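For reference, coords-v5.txt is printed below; it contains compact mmCIF, C-alpha atoms and all ligand atoms.
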# COMPACT_ATOMS: atom_id res chain seq x y z
CA MET C 143 72.58 -22.00 -90.67
CA LYS C 144 73.32 -25.32 -88.94
CA ARG C 145 70.89 -27.06 -91.25
CA PHE C 146 72.69 -25.61 -94.27
CA LEU C 147 76.07 -26.74 -92.95
CA ARG C 148 74.75 -30.24 -92.47
CA ILE C 149 73.37 -30.31 -96.02
CA TYR C 150 76.66 -29.01 -97.46
CA ALA C 151 78.69 -31.54 -95.46
CA LEU C 152 76.52 -34.31 -96.90
CA PHE C 153 77.05 -32.99 -100.41
CA ALA C 154 80.82 -32.75 -99.81
CA ILE C 155 80.95 -36.43 -98.85
CA ILE C 156 78.90 -37.43 -101.95
CA CYS C 157 81.20 -35.34 -104.17
CA ALA C 158 84.36 -36.81 -102.62
CA ILE C 159 83.10 -40.36 -103.24
CA ALA C 160 82.06 -39.45 -106.81
CA ALA C 161 85.49 -37.90 -107.47
CA LEU C 162 87.32 -40.92 -106.01
CA ILE C 163 85.47 -43.58 -107.96
CA THR C 164 85.73 -41.77 -111.30
CA SER C 165 88.13 -43.81 -113.48
CA LYS C 166 90.60 -42.33 -115.97
CA ARG C 167 88.37 -43.30 -118.94
CA GLU C 168 85.38 -41.36 -117.49
CA ALA C 169 87.64 -38.41 -116.69
CA LEU C 170 88.75 -38.29 -120.34
CA MET C 171 85.10 -38.40 -121.41
CA LEU C 172 84.39 -35.37 -119.16
CA GLY C 173 87.07 -33.43 -121.04
CA PHE C 174 90.08 -33.75 -118.72
CA ASP C 175 93.60 -33.85 -120.09
CA ALA C 176 95.10 -37.39 -120.37
CA LYS C 177 98.52 -36.15 -119.17
CA MET C 178 97.13 -34.74 -115.95
CA PRO C 179 98.00 -36.79 -112.79
CA SER C 180 94.96 -38.58 -111.36
CA TRP C 181 94.83 -36.61 -108.05
CA GLN C 182 94.55 -33.32 -109.97
CA TRP C 183 91.44 -34.20 -111.97
CA ARG C 184 89.90 -35.73 -108.87
CA VAL C 185 90.32 -32.44 -106.96
CA ILE C 186 88.91 -30.40 -109.87
CA LEU C 187 85.98 -32.78 -110.22
CA PHE C 188 85.31 -32.63 -106.48
CA VAL C 189 85.26 -28.80 -106.43
CA PHE C 190 83.06 -28.64 -109.53
CA LEU C 191 80.52 -31.19 -108.23
CA PHE C 192 80.47 -29.56 -104.80
CA LEU C 193 79.65 -26.11 -106.23
CA VAL C 194 76.89 -27.49 -108.47
CA PHE C 195 75.34 -29.40 -105.57
CA CYS C 196 75.55 -26.35 -103.27
CA ILE C 197 73.64 -24.19 -105.73
CA CYS C 198 71.02 -26.90 -106.17
CA ALA C 199 70.68 -27.32 -102.39
CA LYS C 200 70.26 -23.58 -101.86
CA CYS C 201 67.58 -23.33 -104.57
CA PHE C 202 65.79 -26.35 -103.17
CA VAL C 203 65.68 -24.98 -99.61
CA MET C 204 64.50 -21.57 -100.85
CA TRP C 205 61.74 -23.20 -102.86
CA LEU C 206 60.64 -25.24 -99.82
CA ASN C 207 60.52 -22.06 -97.70
CA THR C 208 58.34 -20.22 -100.23
CA ILE C 209 55.85 -23.08 -100.30
CA LYS C 210 55.79 -23.21 -96.50
CA GLN C 211 55.19 -19.45 -96.19
CA THR C 212 52.42 -19.36 -98.79
CA PHE C 213 50.69 -22.22 -97.06
CA LEU C 214 51.01 -20.62 -93.61
CA ARG C 215 49.74 -17.25 -94.87
CA LYS C 216 46.68 -18.87 -96.42
CA VAL C 217 45.79 -20.72 -93.25
CA GLU C 218 46.39 -17.63 -91.10
CA SER C 219 44.31 -15.17 -93.13
CA THR C 220 41.26 -17.35 -93.74
CA GLU C 221 41.04 -18.45 -90.13
CA ASN C 222 41.39 -15.06 -88.53
CA VAL C 223 39.31 -12.97 -90.92
CA LYS C 224 36.46 -15.35 -90.28
CA VAL C 225 36.71 -14.71 -86.55
CA ASN C 226 36.90 -10.94 -86.39
CA CYS C 227 34.90 -9.69 -89.33
CA ASP C 228 31.54 -10.78 -87.87
CA ALA C 229 30.81 -7.40 -86.32
CA TYR C 230 30.51 -5.80 -89.78
CA PRO C 231 27.72 -5.53 -90.62
CA LYS C 232 25.54 -7.01 -87.91
CA ASN C 233 23.93 -9.77 -89.93
CA ASP C 234 24.45 -13.43 -90.69
CA GLY C 235 28.11 -13.09 -91.72
CA VAL C 236 27.61 -13.33 -95.50
CA PHE C 237 29.34 -9.98 -95.91
CA CYS C 238 32.42 -11.23 -94.06
CA GLU C 239 32.49 -14.42 -96.07
CA CYS C 240 32.48 -12.38 -99.31
CA VAL C 241 35.19 -10.04 -98.02
CA ARG C 242 37.31 -13.04 -97.12
CA LYS C 243 36.94 -14.44 -100.63
CA ASP C 244 37.72 -11.06 -102.22
CA ASP C 245 34.20 -11.09 -103.72
CA TRP C 246 33.37 -7.38 -103.53
CA ASP C 247 30.21 -7.56 -105.64
CA GLY C 248 28.81 -10.13 -103.23
CA ALA C 249 29.83 -8.01 -100.26
CA LEU C 250 28.12 -4.97 -101.75
CA ALA C 251 24.90 -6.90 -102.43
CA ASP C 252 24.85 -8.14 -98.84
CA LEU C 253 25.51 -4.65 -97.52
CA GLU C 254 22.53 -3.28 -99.49
CA GLU C 255 20.40 -6.08 -98.08
CA ALA C 256 21.51 -5.16 -94.55
CA LYS C 257 20.58 -1.53 -95.20
CA ARG C 258 17.16 -2.52 -96.51
CA LYS C 259 16.53 -4.63 -93.40
CA LYS C 260 17.80 -1.72 -91.26
CA LEU C 261 20.52 -3.88 -89.71
CA ILE C 262 23.12 -1.19 -90.05
CA LEU C 263 23.41 2.48 -89.09
CA ARG C 264 23.36 5.04 -91.88
CA GLU C 265 26.90 6.40 -91.24
CA GLU C 266 28.29 2.94 -90.73
CA TYR C 267 26.75 1.87 -94.04
CA ALA C 268 28.25 4.83 -95.94
CA LEU C 269 31.77 4.20 -94.69
CA ILE C 270 31.68 0.43 -95.23
CA LYS C 271 30.28 0.91 -98.73
CA ALA C 272 33.03 3.44 -99.49
CA VAL C 273 35.66 0.93 -98.32
CA VAL C 274 34.11 -1.79 -100.51
CA LEU C 275 33.96 0.55 -103.51
CA TYR C 276 37.59 1.52 -102.96
CA GLN C 277 38.55 -2.18 -102.99
CA MET C 278 36.53 -2.64 -106.18
CA ALA C 279 38.36 0.31 -107.73
CA LEU C 280 41.74 -1.21 -106.84
CA LYS C 281 40.67 -4.52 -108.36
CA GLU C 282 39.53 -2.79 -111.56
CA GLU C 283 42.82 -0.91 -111.73
CA LYS C 284 44.69 -4.20 -111.44
CA ASN C 285 42.58 -5.64 -114.26
CA GLY C 286 43.35 -2.60 -116.40
CA ASN C 287 39.73 -1.40 -116.50
CA ILE C 288 40.43 2.34 -116.81
CA HIS C 289 36.77 3.44 -116.81
CA ALA C 290 35.51 1.53 -113.78
CA TYR C 291 38.47 2.63 -111.62
CA PRO C 292 37.56 6.36 -111.34
CA ARG C 293 33.83 5.58 -111.32
CA HIS C 294 34.16 3.50 -108.14
CA LEU C 295 36.46 6.09 -106.58
CA VAL C 296 34.00 8.91 -107.27
CA SER C 297 31.15 6.89 -105.69
CA ALA C 298 33.32 6.06 -102.67
CA ASN C 299 34.32 9.71 -102.25
CA GLU C 300 30.74 10.95 -102.55
CA LEU C 301 29.52 8.46 -99.95
CA ALA C 302 32.28 9.09 -97.43
CA PRO C 303 34.35 12.21 -98.22
CA SER C 304 36.28 11.64 -95.01
CA PHE C 305 37.63 8.27 -96.18
CA VAL C 306 41.24 9.25 -96.85
CA PRO C 307 42.54 6.42 -99.11
CA ALA C 308 39.74 6.88 -101.70
CA ALA C 309 40.09 10.69 -101.63
CA LEU C 310 43.86 10.47 -102.15
CA ALA C 311 43.48 7.99 -105.02
CA LEU C 312 40.80 10.12 -106.69
CA ALA C 313 42.80 13.34 -106.32
CA ASP C 314 45.80 11.57 -107.81
CA PHE C 315 43.66 10.37 -110.71
CA TYR C 316 42.36 13.91 -111.42
CA LEU C 317 45.88 15.32 -111.22
CA LYS C 318 47.10 12.83 -113.81
CA GLU C 319 44.14 13.81 -116.01
CA GLY C 320 45.21 17.45 -115.70
CA GLN C 321 42.19 18.45 -113.58
CA LYS C 322 44.07 20.16 -110.79
CA ILE C 323 41.10 22.20 -109.49
CA LYS C 324 38.98 19.09 -108.98
CA ALA C 325 41.89 17.37 -107.22
CA ALA C 326 42.38 20.37 -104.93
CA LYS C 327 38.67 20.46 -104.06
CA ILE C 328 38.64 16.81 -103.04
CA LEU C 329 41.76 17.23 -100.92
CA LYS C 330 40.38 20.34 -99.20
CA ASP C 331 37.19 18.45 -98.43
CA VAL C 332 38.90 15.45 -96.87
CA TRP C 333 41.37 17.74 -95.05
CA ARG C 334 38.43 19.50 -93.44
CA LYS C 335 36.76 16.29 -92.30
CA ASN C 336 39.68 13.97 -91.61
CA PRO C 337 43.04 15.77 -91.73
CA THR C 338 46.06 13.51 -92.18
CA PHE C 339 49.66 14.21 -93.09
CA ASP C 340 49.34 12.53 -96.48
CA VAL C 341 46.46 14.79 -97.48
CA ALA C 342 48.55 17.92 -96.89
CA LYS C 343 51.47 16.31 -98.73
CA ALA C 344 49.24 15.47 -101.71
CA TYR C 345 47.83 19.02 -101.73
CA LEU C 346 51.29 20.61 -101.77
CA ALA C 347 52.34 18.17 -104.51
CA LEU C 348 49.65 19.72 -106.75
CA TYR C 349 51.96 22.74 -107.08
CA PRO C 350 55.41 21.35 -107.86
CA ASP C 351 56.76 24.68 -109.14
CA ASP C 352 56.35 26.44 -105.79
CA THR C 353 59.49 27.78 -104.13
CA ALA C 354 60.10 26.83 -100.50
CA VAL C 355 58.63 30.16 -99.31
CA GLU C 356 55.56 29.84 -101.56
CA ARG C 357 55.06 26.32 -100.30
CA ALA C 358 55.07 27.53 -96.69
CA GLN C 359 52.57 30.26 -97.60
CA ARG C 360 50.34 27.80 -99.43
CA MET C 361 50.29 25.56 -96.36
CA GLU C 362 49.40 28.59 -94.26
CA SER C 363 46.14 29.03 -96.17
CA PHE C 364 45.47 25.28 -96.47
CA ALA C 365 45.80 24.97 -92.67
CA LEU C 366 42.78 27.26 -92.26
CA TYR C 367 40.54 24.43 -93.54
CA ASN C 368 41.66 22.16 -90.72
CA ALA C 369 40.25 23.15 -87.37
CA LYS C 370 40.22 19.60 -86.06
CA LEU C 371 43.92 18.97 -85.56
CA PRO C 372 45.77 22.24 -84.96
CA GLY C 373 48.82 20.22 -83.88
CA LEU C 374 49.09 18.77 -87.38
CA ASN C 375 48.98 22.27 -88.91
CA SER C 376 51.80 23.44 -86.65
CA PHE C 377 53.83 20.32 -87.31
CA ILE C 378 53.67 20.65 -91.10
CA LYS C 379 54.11 24.44 -91.10
CA ALA C 380 57.17 24.16 -88.85
CA GLY C 381 58.87 21.80 -91.30
CA LEU C 382 58.03 23.96 -94.34
CA ASN C 383 59.11 27.20 -92.68
CA MET C 384 62.37 25.60 -91.65
CA LYS C 385 62.99 24.54 -95.26
CA ALA C 386 62.17 28.09 -96.40
CA LYS C 387 64.70 29.35 -93.82
CA LEU C 388 61.96 31.29 -92.02
CA TYR C 389 63.43 30.15 -88.73
CA ASP C 390 61.45 32.33 -86.34
CA LYS C 391 58.12 31.34 -87.87
CA ALA C 392 59.19 27.70 -87.66
CA LYS C 393 60.13 28.10 -83.99
CA ALA C 394 56.76 29.70 -83.22
CA GLU C 395 54.97 26.73 -84.80
CA LEU C 396 57.16 24.25 -82.91
CA ASP C 397 56.35 26.00 -79.62
CA LEU C 398 52.64 25.86 -80.49
CA PHE C 399 52.94 22.17 -81.21
CA LEU C 400 54.80 21.44 -77.99
CA ILE C 401 52.13 23.08 -75.80
CA LYS C 402 49.76 20.16 -76.27
CA ASN C 403 51.89 17.42 -77.79
CA PRO C 404 55.04 15.52 -76.80
CA ALA C 405 58.20 16.10 -78.84
CA THR C 406 58.20 13.62 -81.69
CA LYS C 407 61.11 12.50 -83.84
CA LYS C 408 60.63 15.19 -86.50
CA VAL C 409 59.80 17.98 -84.05
CA ALA C 410 62.88 17.24 -81.92
CA SER C 411 65.14 17.24 -84.98
CA LEU C 412 63.66 20.57 -86.15
CA MET C 413 64.34 22.01 -82.70
CA ALA C 414 67.93 20.77 -82.98
CA ILE C 415 68.30 22.57 -86.34
CA TYR C 416 66.93 25.79 -84.82
CA GLU C 417 69.27 25.62 -81.84
CA GLU C 418 72.24 24.92 -84.10
CA LYS C 419 71.61 27.39 -86.91
CA VAL C 420 69.95 30.32 -85.18
CA LEU C 421 70.98 30.24 -81.53
CA HIS C 422 74.36 28.49 -82.19
CA ASN C 423 73.80 26.52 -79.02
CA GLN C 424 75.58 23.23 -79.71
CA ASP C 425 74.78 21.64 -76.32
CA SER C 426 71.06 22.23 -76.63
CA ALA C 427 71.13 21.05 -80.25
CA LEU C 428 72.84 17.84 -79.15
CA ASN C 429 70.19 17.30 -76.46
CA TRP C 430 67.40 17.69 -79.02
CA LYS C 431 69.17 15.29 -81.36
CA LYS C 432 69.37 12.69 -78.58
CA ARG C 433 65.68 13.24 -77.88
CA ALA C 434 64.86 12.81 -81.56
CA LYS C 435 66.54 9.40 -81.51
CA LYS C 436 64.43 8.27 -78.55
CA SER C 437 61.09 9.69 -79.76
CA GLY C 438 58.37 7.94 -81.74
CA ARG C 439 56.99 8.81 -85.19
CA GLU C 440 54.39 11.56 -85.20
CA CYS C 441 51.71 10.30 -87.51
CA LEU C 442 50.54 6.77 -87.99
CA TRP C 443 47.49 4.66 -88.71
CA VAL C 444 46.52 2.83 -85.53
CA CYS C 445 44.23 -0.19 -85.21
CA LYS C 446 41.41 0.76 -82.86
CA TYR C 447 41.07 -2.82 -81.62
CA CYS C 448 44.61 -3.96 -80.86
CA GLY C 449 46.74 -0.80 -81.22
CA LYS C 450 48.82 -2.12 -84.11
CA LYS C 451 50.56 0.78 -85.89
CA SER C 452 51.11 1.13 -89.59
CA THR C 453 52.45 3.83 -91.89
CA LYS C 454 49.76 2.93 -94.46
CA TRP C 455 46.04 2.31 -94.33
CA HIS C 456 45.05 -1.35 -94.74
CA ILE C 457 41.65 -2.95 -95.06
CA PHE C 458 42.56 -5.51 -92.40
CA CYS C 459 44.74 -5.36 -89.35
CA ASN C 460 47.28 -8.15 -89.71
CA GLU C 461 47.42 -8.63 -85.95
CA CYS C 462 43.75 -8.93 -84.97
CA TYR C 463 42.16 -9.26 -88.46
CA HIS C 464 39.40 -6.74 -87.91
CA PHE C 465 37.81 -5.19 -90.97
CA ASN C 466 38.66 -1.50 -91.63
CA PRO C 467 40.11 -0.89 -88.16
CA PHE C 468 42.69 1.84 -88.87
CA GLU C 469 42.34 5.39 -87.61
CA TRP C 470 44.89 8.09 -88.33
CA LYS C 471 46.57 9.52 -85.24
CA LEU C 472 48.90 12.40 -84.65
CA CYS C 473 51.63 11.94 -82.04
CA VAL C 474 51.77 8.26 -81.37
CA ALA C 475 53.85 7.79 -78.27
CA ARG C 476 56.50 5.11 -78.50
CA LYS C 477 56.08 2.33 -75.99
CA ARG C 478 58.96 0.39 -74.56
CA GLY C 479 59.31 -3.29 -75.36
CA ARG C 480 56.39 -5.16 -76.80
CA GLU C 481 53.18 -3.34 -77.70
CA ARG C 482 50.57 -3.38 -74.98
CA ARG C 483 47.42 -5.17 -76.13
CA LYS C 484 43.95 -4.00 -75.22
ZN ZN R 501 44.28 -4.85 -84.88

Please lay out the structure from this file as structure tokens.
Ligand SMILES: [Zn+2]
Amino acid sequence: MKRFLRIYALFAIICAIAALITSKREALMLGFDAKMPSWQWRVILFVFLFLVFCICAKCFVMWLNTIKQTFLRKVESTENVKVNCDAYPKNDGVFCECVRKDDWDGALADLEEAKRKKLILREEYALIKAVVLYQMALKEEKNGNIHAYPRHLVSANELAPSFVPAALALADFYLKEGQKIKAAKILKDVWRKNPTFDVAKAYLALYPDDTAVERAQRMESFALYNAKLPGLNSFIKAGLNMKAKLYDKAKAELDLFLIKNPATKKVASLMAIYEEKVLHNQDSALNWKKRAKKSGRECLWVCKYCGKKSTKWHIFCNECYHFNPFEWKLCVARKRGRERRK
């Protein structure tokens, strides 16, 4: 702000001098009226020049900032990726170099080489290859290659059905193609192996004509496929039952959730609704509302190396620059102040 003020003050002085030294002849050339007293056209000229210079100054500073940021980002990403990607896979670092350069064909070739030399575990190989194929699919989609996009996604999903981003993208692709059964199968599969909130959301979105009650019932049967995270089932079912006005069912799910998990933002606000609408207990509702404000989000992707949280999956953590570090977690407790680093 101070820097801007200084720049504007400088421009104001330049404009004042320009306005003062402009003679009557020049003023007439600029289109001013000959009858106008000299101080009037000087003031108008000053204001006009000042505004033009201000706009130019603003544009110039913005342009400088963009250049600075692009430069900084480039330096940051190349340096850090180089440092932390070396663990994947355990070879001479060619894979990491390719990943850094966005060369996914090269990365894939190196990964195959590592597998042939038995430098990498079988499961590790499958997941890394799925991640690479998913990146290739995204690149093909960007390039408008409509055939390669689903082909890579299918390969990624076959290799690692538990890899959520590829499964979600493939299910979405099938849905757009009108193949709802295939989409549902993929989502059920990934839900069984790696249940996340987005998977359930995508599954329910397959049936947009459902009423609120039907939606709650559909989730009831979908939840049976997920034995890994019962808390997630309860959490989603509570929300859907509440929307369907099946308050007692919702309360039962909330109680189930709270046995093993802390009250999260959404859970606390659902409890507040129950207290308010069913029990008409305003004090308790207010308490739950206060608790909702203080609580953390329930589901997030968390970096397994540095604990960085994100609402979306990313190939790199932008704090520690590890490759594919994000794991989906239910009930991420909110920490006070700065995040604790491992
Ligand atoms: Zn990290």

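Neighbours of range 198-202 of chain C closer than or equal to 10 Å, with all atoms listed in the file counted and sequence neighbours fewer than 6 positions away skipped, come out as C:Phe146, C:Ile149, C:Tyr150, C:Phe153, C:Phe192.
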
Contacts to ligand ZN 501 (chain R) at 10 Å cut-off (only C-alpha atoms and all ligand atoms) as a PyMOL selection string:
chain C and resi 226+444-451+458-468+483-484

Best match for closeness to Lys387 in chain C among C:Ala358, C:Ala410, C:Met278, C:Ala369, counting only C-alpha atoms:
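When distances to Lys387 in chain C are compared using only C-alpha atoms, the smallest one comes from C:Ala358.
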
My list of candidates is C:Tyr416, C:Trp246, C:Phe364, C:Tyr316. Which is closest to Leu388 in chain C when distances are computed with only C-alpha atoms?
C:Tyr416

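Atom to atom, CA of Leu371 in chain C and CA of Lys432 in chain C stand 27.1 Å apart.
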
Distance cut-off 12 Å, centre (60.0, 27.9, -100.5) in file coordinates, counting all atoms listed in the file: which residues qualify? Return them as a PDB file with C-alpha atoms, keeping the file's coordinate frame.
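Output below, filename selection_38.pdb:
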ATOM      1  CA  LEU C 346      51.290  20.610-101.770  1.00  0.00           C
ATOM      2  CA  TYR C 349      51.960  22.740-107.080  1.00  0.00           C
ATOM      3  CA  PRO C 350      55.410  21.350-107.860  1.00  0.00           C
ATOM      4  CA  ASP C 351      56.760  24.680-109.140  1.00  0.00           C
ATOM      5  CA  ASP C 352      56.350  26.440-105.790  1.00  0.00           C
ATOM      6  CA  THR C 353      59.490  27.780-104.130  1.00  0.00           C
ATOM      7  CA  ALA C 354      60.100  26.830-100.500  1.00  0.00           C
ATOM      8  CA  VAL C 355      58.630  30.160 -99.310  1.00  0.00           C
ATOM      9  CA  GLU C 356      55.560  29.840-101.560  1.00  0.00           C
ATOM     10  CA  ARG C 357      55.060  26.320-100.300  1.00  0.00           C
ATOM     11  CA  ALA C 358      55.070  27.530 -96.690  1.00  0.00           C
ATOM     12  CA  GLN C 359      52.570  30.260 -97.600  1.00  0.00           C
ATOM     13  CA  ARG C 360      50.340  27.800 -99.430  1.00  0.00           C
ATOM     14  CA  MET C 361      50.290  25.560 -96.360  1.00  0.00           C
ATOM     15  CA  LYS C 379      54.110  24.440 -91.100  1.00  0.00           C
ATOM     16  CA  GLY C 381      58.870  21.800 -91.300  1.00  0.00           C
ATOM     17  CA  LEU C 382      58.030  23.960 -94.340  1.00  0.00           C
ATOM     18  CA  ASN C 383      59.110  27.200 -92.680  1.00  0.00           C
ATOM     19  CA  MET C 384      62.370  25.600 -91.650  1.00  0.00           C
ATOM     20  CA  LYS C 385      62.990  24.540 -95.260  1.00  0.00           C
ATOM     21  CA  ALA C 386      62.170  28.090 -96.400  1.00  0.00           C
ATOM     22  CA  LYS C 387      64.700  29.350 -93.820  1.00  0.00           C
ATOM     23  CA  LEU C 388      61.960  31.290 -92.020  1.00  0.00           C
TER      24      LEU C 388
END

Within 9 Å of Val274 in chain C, counting all atoms listed in the file, which residues show up once you throw out same-chain ones fewer than 6 positions away? Write them as a compact mmCIF listing (two decimals) with C-alpha atoms, in the coordinates of the input, please.
# COMPACT_ATOMS: atom_id res chain seq x y z
CA VAL C 241 35.19 -10.04 -98.02
CA TRP C 246 33.37 -7.38 -103.53
CA ASP C 247 30.21 -7.56 -105.64
CA ALA C 249 29.83 -8.01 -100.26
CA LEU C 250 28.12 -4.97 -101.75
CA ALA C 298 33.32 6.06 -102.67

Report as a ChimeraX atom specification all protein, DNA and RNA residues lying within 9 Å of Trp183 in chain C, evaluated on only C-alpha atoms, omitting residues in the same chain fewer than 6 positions from it.
/C:161,169,174-175

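Proximity to Leu348 in chain C was assessed for C:Asn336, C:Asn207, C:Gln321, C:Asn299 counting only C-alpha atoms; the smallest distance is recorded for C:Gln321.
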
Name the residues within 12 Å of (38.7, -2.7, -107.4), counting only C-alpha atoms in the file's coordinates, and put them as a CSV table (one decimal) with C-alpha atoms, in the coordinates of the input.
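That gives us selection-v8.csv:
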chain,number,residue,atom,x,y,z
C,244,ASP,CA,37.7,-11.1,-102.2
C,245,ASP,CA,34.2,-11.1,-103.7
C,246,TRP,CA,33.4,-7.4,-103.5
C,247,ASP,CA,30.2,-7.6,-105.6
C,272,ALA,CA,33.0,3.4,-99.5
C,273,VAL,CA,35.7,0.9,-98.3
C,274,VAL,CA,34.1,-1.8,-100.5
C,275,LEU,CA,34.0,0.6,-103.5
C,276,TYR,CA,37.6,1.5,-103.0
C,277,GLN,CA,38.6,-2.2,-103.0
C,278,MET,CA,36.5,-2.6,-106.2
C,279,ALA,CA,38.4,0.3,-107.7
C,280,LEU,CA,41.7,-1.2,-106.8
C,281,LYS,CA,40.7,-4.5,-108.4
C,282,GLU,CA,39.5,-2.8,-111.6
C,283,GLU,CA,42.8,-0.9,-111.7
C,284,LYS,CA,44.7,-4.2,-111.4
C,285,ASN,CA,42.6,-5.6,-114.3
C,286,GLY,CA,43.4,-2.6,-116.4
C,287,ASN,CA,39.7,-1.4,-116.5
C,288,ILE,CA,40.4,2.3,-116.8
C,289,HIS,CA,36.8,3.4,-116.8
C,290,ALA,CA,35.5,1.5,-113.8
C,291,TYR,CA,38.5,2.6,-111.6
C,292,PRO,CA,37.6,6.4,-111.3
C,293,ARG,CA,33.8,5.6,-111.3
C,294,HIS,CA,34.2,3.5,-108.1
C,295,LEU,CA,36.5,6.1,-106.6
C,298,ALA,CA,33.3,6.1,-102.7
C,308,ALA,CA,39.7,6.9,-101.7
C,311,ALA,CA,43.5,8.0,-105.0

Distance CA of Asp390 in chain C-CA of Ala344 in chain C, one decimal place?
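For CA of Asp390 in chain C relative to CA of Ala344 in chain C, the distance reads 25.9 Å.
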
For CA of Asp425 in chain C and CA of Ala405 in chain C, determine how far apart the two atoms are, in Å to one decimal place.
17.7 Å

I'd like the contact shell of Gly248 in chain C - 9 Å cut-off, all atoms listed in the file, skipping same-chain residues fewer than 5 positions apart - returned as a ChimeraX atom specification.
/C:236-237,240-241,253

Nearest to Cys441 in chain C: which of C:Phe339, C:Asn375, C:Trp455, C:Glu418 is it, counting only C-alpha atoms?
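Smallest distance to Cys441 in chain C is found for C:Phe339.
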
Give me the residues within 10 Å of Ala394 in chain C as a PyMOL selection string, counting only C-alpha atoms and dropping any in the same chain fewer than 6 places off.
chain C and resi 376+379-380+400

Which one is closest to Lys324 in chain C: C:Ile262, C:Val296, C:Cys238, C:Leu269? Count all atoms listed in the file.
C:Val296
